[in-house]
Structures are given as structure tokens and as C-alpha cells.
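Report on the following structure.
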Amino acid sequence: DIQMTQSPASLSASLGETVSIECLASEGISNDLAWYQQKSGKSPQLLIYAASRLQDGVPSRFSGSGSGTRYSLKISGMQPEDEADYFCQQSYKYPWTFGGGTKLELK
Amino acid sequence: EVQLVETGGGLVQPGKSLKLTCATSGFTFSNAWMDWVRQSPEKQLEWVAQIKDKSNNYATYYAESVKGRFTISRDDSKSSVYLQMNSLKEEDTAIYYCTWIGDYWGQGVMVTVSS
């Protein structure tokens with residue numbers, strides 16, 4: 001199975017601060033990577049697919065980048081509503097696998 | 001409006017079986033690849049299974065942790081996807097979500113495996 005190592009496990013950001021979350025795949029995944037946001041008590045919501053493509057309706061302060069084995073999610077200007085858990089997922093090879101998650105809090 | 005509604009969860013003893021149902025509406029289900037994803041009490045997400053559409057021969061794929069115990073199936077006439085879970089273990093305790101293309105998720109259903 002492809003292992004997805006996500007970091008950091010948690011972080012705290014101030015209003016307006018730029019935040020980055022990373023995922024490292026155990027092998028190349030050819031940009032078959034998605035990022036999800038999950039708010040407390042809710043189902044996950046797709047933010048980014050194909051590593052860098054913004055899902056419809058997602059604010060433009062969210063962006064994804066990367067290639068090969070290294071991928072990142074950036075939030076350019078932390079907002080209160082961005083407080084949530086974030087997960088990466090690879091869909092390059094079965095079984096699909098998720099990263100361990102990042103808990104983002106507002107400082 | 002796309003809707004996915006999971007039912008069938010509950011408390012079950014280790015070794016027993018349970019069948020989850022995900023009823024869908026608002027999209028062409030017969031063309032859809034459907035997934036089950038679960039979330040442990042520790043909040044870790046785990047992809048569980050996928051079933052493709054008829055044009056892909058209803059191919060199925062499973063996480064190693066459930067292979068041989070869980071079976072994903074679908075009924076296109078009912079726009080529903082199922083997860084038959086046998087030989088349940090305590091570590092199968094989780095919220096189970098069905099999802100379409102990762103963009104649409106159900107509200108989730110809780111499965112608790114405990115004696």
C-alpha cells in the first residue's frame with residue numbers, strides 16, 4: 001500500500017496568516033492527490049483534486065501544489081471558518097489511502 | 001440536488017455481521033463509481049471499498065484490512081450501494097460514509113463493534 005505521511009499533525013495560525021500542510025507519499029502518485037477539509041461533526045469536503053485543481057465553490061485562498069511524492073496545501077490568509085481537520089488522499093493505486101490528518105486551529 | 005443517505009449502522013458483537021445501505025438521488029447513479037470510507041474514533045479516515053459501474057464490469061476494490069470480510073455491491077435500479085460486513089472486529093468501529101467522486105458524502109452511519 002502507498003503510505004501517506006502528513007505533517008504537521010496540528011498547528012495553530014493567526015487570522016490572516018498563511019498556512020501550509022504537506023503530504024509525502026511512499027512512492028510517486030502522479031498528482032492523483034486530493035485534499036479534504038472536515039469541520040467538527042461534519043462529513044469531509046473536497047477542496048482540491050488532481051493535486052492543484054480547486055473544487056467549485058472553494059475559496060481561492062486554498063491552493064494545492066506538488067509532484068511526484070511531495071504535495072502541499074496552502075491557505076493564504078487564515079480565516080475563522082478554516083478551523084478544521086485536513087486530510088490528503090491518494091487515488092493513484094488501490095487501495096486508496098489517506099494521510100493521518102492535520103488539526104488546524106485559530107490562534 | 002445530490003443526496004446520499006446511509007442506514008443500517010448500530011451496535012454489534014464481534015464476529016457478527018451488519019449490512020449498510022447508501023441510498024442516493026440527484027445524479028445518474030448507474031454511471032457512478034461509489035466508495036465507502038470510514039472514520040475511526042481517533043478521527044483517522046480510511047478508504048474501505050469501491051465499486052465501479054456496469055461499463056467497468058462492476059469491478060470492486062478493497063482495503064487490506066477488510067478484504068475477505070466486507071463486500072461492496074450495488075443495485076442500479078434502486079440507486080443504492082451496499083456494504084456487507086462479516087466477521088466484524090472491534091477495530092471496525094467507526095463512522096461509515098458513502099461517497100461519490102469524493103465530492104459528495106453522506107452524513108455517515110455509526111457502527112460499533114463491542115461485546
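Residue numbering restarts at 1 in every chain; chains get A, B, ... in the order shown in the C-alpha cells, and ligands count up from 1 in that same order.
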
Selection near Ser91 (chain A), 7 Å with only C-alpha atoms, sequence-local residues under 3 positions removed, as a ChimeraX atom specification: /A:32-33,96

Same residues, N, CA and C atoms, output as a PDB file, in the first residue's frame:
```pdb
ATOM      1  N   ASP A  32      -2.196  12.279  -8.438  1.00  0.00           N
ATOM      2  CA  ASP A  32      -3.528  11.744  -8.092  1.00  0.00           C
ATOM      3  C   ASP A  32      -3.766  11.934  -6.599  1.00  0.00           C
ATOM      4  N   LEU A  33      -3.924  13.185  -6.221  1.00  0.00           N
ATOM      5  CA  LEU A  33      -3.995  13.548  -4.810  1.00  0.00           C
ATOM      6  C   LEU A  33      -5.123  14.541  -4.589  1.00  0.00           C
ATOM      7  N   TRP A  96      -6.712   2.938  -2.130  1.00  0.00           N
ATOM      8  CA  TRP A  96      -6.533   4.351  -1.886  1.00  0.00           C
ATOM      9  C   TRP A  96      -6.222   4.555  -0.409  1.00  0.00           C
TER      10      TRP A  96
END
```

Check region 3-112 of chain B with DSSP on the backbone and list each residue it calls strand (DSSP E), as JSON, numbers by chain. {"B": [3, 4, 5, 6, 7, 10, 11, 12, 18, 19, 20, 21, 22, 23, 24, 25, 34, 35, 36, 37, 38, 39, 45, 46, 47, 48, 49, 50, 51, 60, 61, 62, 70, 71, 72, 73, 74, 75, 80, 81, 82, 83, 84, 85, 94, 95, 96, 97, 98, 99, 100, 104, 105, 109, 110, 111, 112]}

So that each row is one residue of chain A with an atom at most 10 Å from chain B, can you give its shortest atom pair and the distance in Å to one decimal, using only C-alpha atoms, rows by chain and rising number, as CSV?
```
residue,atom,partner,partner_atom,distance
A:Asp1,CA,B:Glu64,CA,8.6
A:Ala34,CA,B:Gly102,CA,8.6
A:Trp35,CA,B:Gly102,CA,9.9
A:Tyr36,CA,B:Gly102,CA,8.8
A:Gly41,CA,B:Gln107,CA,9.4
A:Lys42,CA,B:Gln107,CA,7.3
A:Ser43,CA,B:Gln107,CA,6.0
A:Pro44,CA,B:Trp105,CA,7.2
A:Gln45,CA,B:Asp103,CA,6.7
A:Leu46,CA,B:Asp103,CA,5.4
A:Leu47,CA,B:Asp103,CA,8.7
A:Ile48,CA,B:Asp103,CA,9.9
A:Tyr49,CA,B:Gly102,CA,9.1
A:Gln55,CA,B:Asp103,CA,8.4
A:Asp56,CA,B:Asp103,CA,9.8
A:Asp85,CA,B:Lys43,CA,9.2
A:Phe87,CA,B:Leu45,CA,8.1
A:Cys88,CA,B:Leu45,CA,9.8
A:Gln89,CA,B:Trp47,CA,9.0
A:Tyr94,CA,B:Tyr61,CA,7.1
A:Pro95,CA,B:Ala63,CA,5.3
A:Trp96,CA,B:Trp47,CA,6.1
A:Thr97,CA,B:Trp47,CA,6.2
A:Phe98,CA,B:Glu46,CA,6.3
A:Gly99,CA,B:Leu45,CA,8.0
A:Gly100,CA,B:Gln44,CA,6.2
A:Gly101,CA,B:Gln44,CA,7.1
```

Report as a list in words all protein, DNA and RNA residues lying within 7 Å of Arg70 (chain A), evaluated on only C-alpha atoms, omitting residues in the same chain fewer than 4 positions from it.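 What passes the distance filter is Cys23, Leu24, Ala25 and Gly66 of chain A.
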
Quick check for you: according to DSSP on this backbone, which residues of region 23-106 of chain B are classed as helix (DSSP H, G or I)? Reply as a VMD selection string. chain B and resid 29 to 31 54 to 56 76 to 78 90 to 92

Would you write out those residues with N, CA, C and O atoms, as a compact mmCIF listing (two decimals), in the first residue's frame?
```txt
# COMPACT_ATOMS: atom_id res chain seq x y z
N PHE B 29 -26.86 7.52 -11.12
CA PHE B 29 -26.18 6.53 -10.29
C PHE B 29 -25.55 5.42 -11.13
O PHE B 29 -24.46 4.95 -10.81
N SER B 30 -26.22 5.01 -12.18
CA SER B 30 -25.75 3.85 -12.95
C SER B 30 -24.37 4.08 -13.56
O SER B 30 -23.65 3.12 -13.86
N ASN B 31 -23.98 5.33 -13.73
CA ASN B 31 -22.66 5.66 -14.28
C ASN B 31 -21.61 5.95 -13.21
O ASN B 31 -20.44 6.20 -13.53
N LYS B 54 -21.33 -0.44 -14.55
CA LYS B 54 -21.53 -1.59 -15.43
C LYS B 54 -20.51 -1.62 -16.56
O LYS B 54 -20.00 -2.69 -16.91
N SER B 55 -20.19 -0.46 -17.12
CA SER B 55 -19.25 -0.41 -18.23
C SER B 55 -17.85 -0.86 -17.82
O SER B 55 -17.02 -1.20 -18.68
N ASN B 56 -17.60 -0.85 -16.52
CA ASN B 56 -16.35 -1.35 -15.97
C ASN B 56 -16.56 -2.66 -15.23
O ASN B 56 -15.79 -3.01 -14.32
N ASP B 76 -28.45 -0.76 -9.29
CA ASP B 76 -28.67 0.45 -10.08
C ASP B 76 -30.15 0.80 -10.18
O ASP B 76 -30.51 1.97 -10.33
N SER B 77 -31.02 -0.20 -10.08
CA SER B 77 -32.47 0.06 -10.16
C SER B 77 -32.97 0.82 -8.94
O SER B 77 -34.00 1.48 -8.99
N LYS B 78 -32.21 0.72 -7.85
CA LYS B 78 -32.58 1.42 -6.61
C LYS B 78 -31.64 2.57 -6.30
O LYS B 78 -31.77 3.20 -5.24
N GLU B 90 -13.57 -5.43 16.69
CA GLU B 90 -13.70 -4.17 17.43
C GLU B 90 -13.05 -3.01 16.66
O GLU B 90 -13.54 -1.88 16.72
N GLU B 91 -12.00 -3.29 15.92
CA GLU B 91 -11.33 -2.24 15.17
C GLU B 91 -12.11 -1.76 13.95
O GLU B 91 -11.69 -0.82 13.28
N ASP B 92 -13.24 -2.40 13.66
CA ASP B 92 -14.13 -1.91 12.60
C ASP B 92 -15.07 -0.82 13.10
O ASP B 92 -15.82 -0.24 12.32
```

Please list as a list of chain:residue names every residue within 6 Å of Trp33 (chain B), counting only C-alpha atoms and excluding residues in the same chain fewer than 4 positions away.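 Contacts, with the query itself left out: B:Ile51, B:Lys52, B:Asp53.
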
Pairwise distance for CA of Pro41 (chain B) and CA of Lys39 (chain A), rounded to one decimal in Å: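 For CA of Pro41 (chain B) relative to CA of Lys39 (chain A), the distance reads 15.1 Å.
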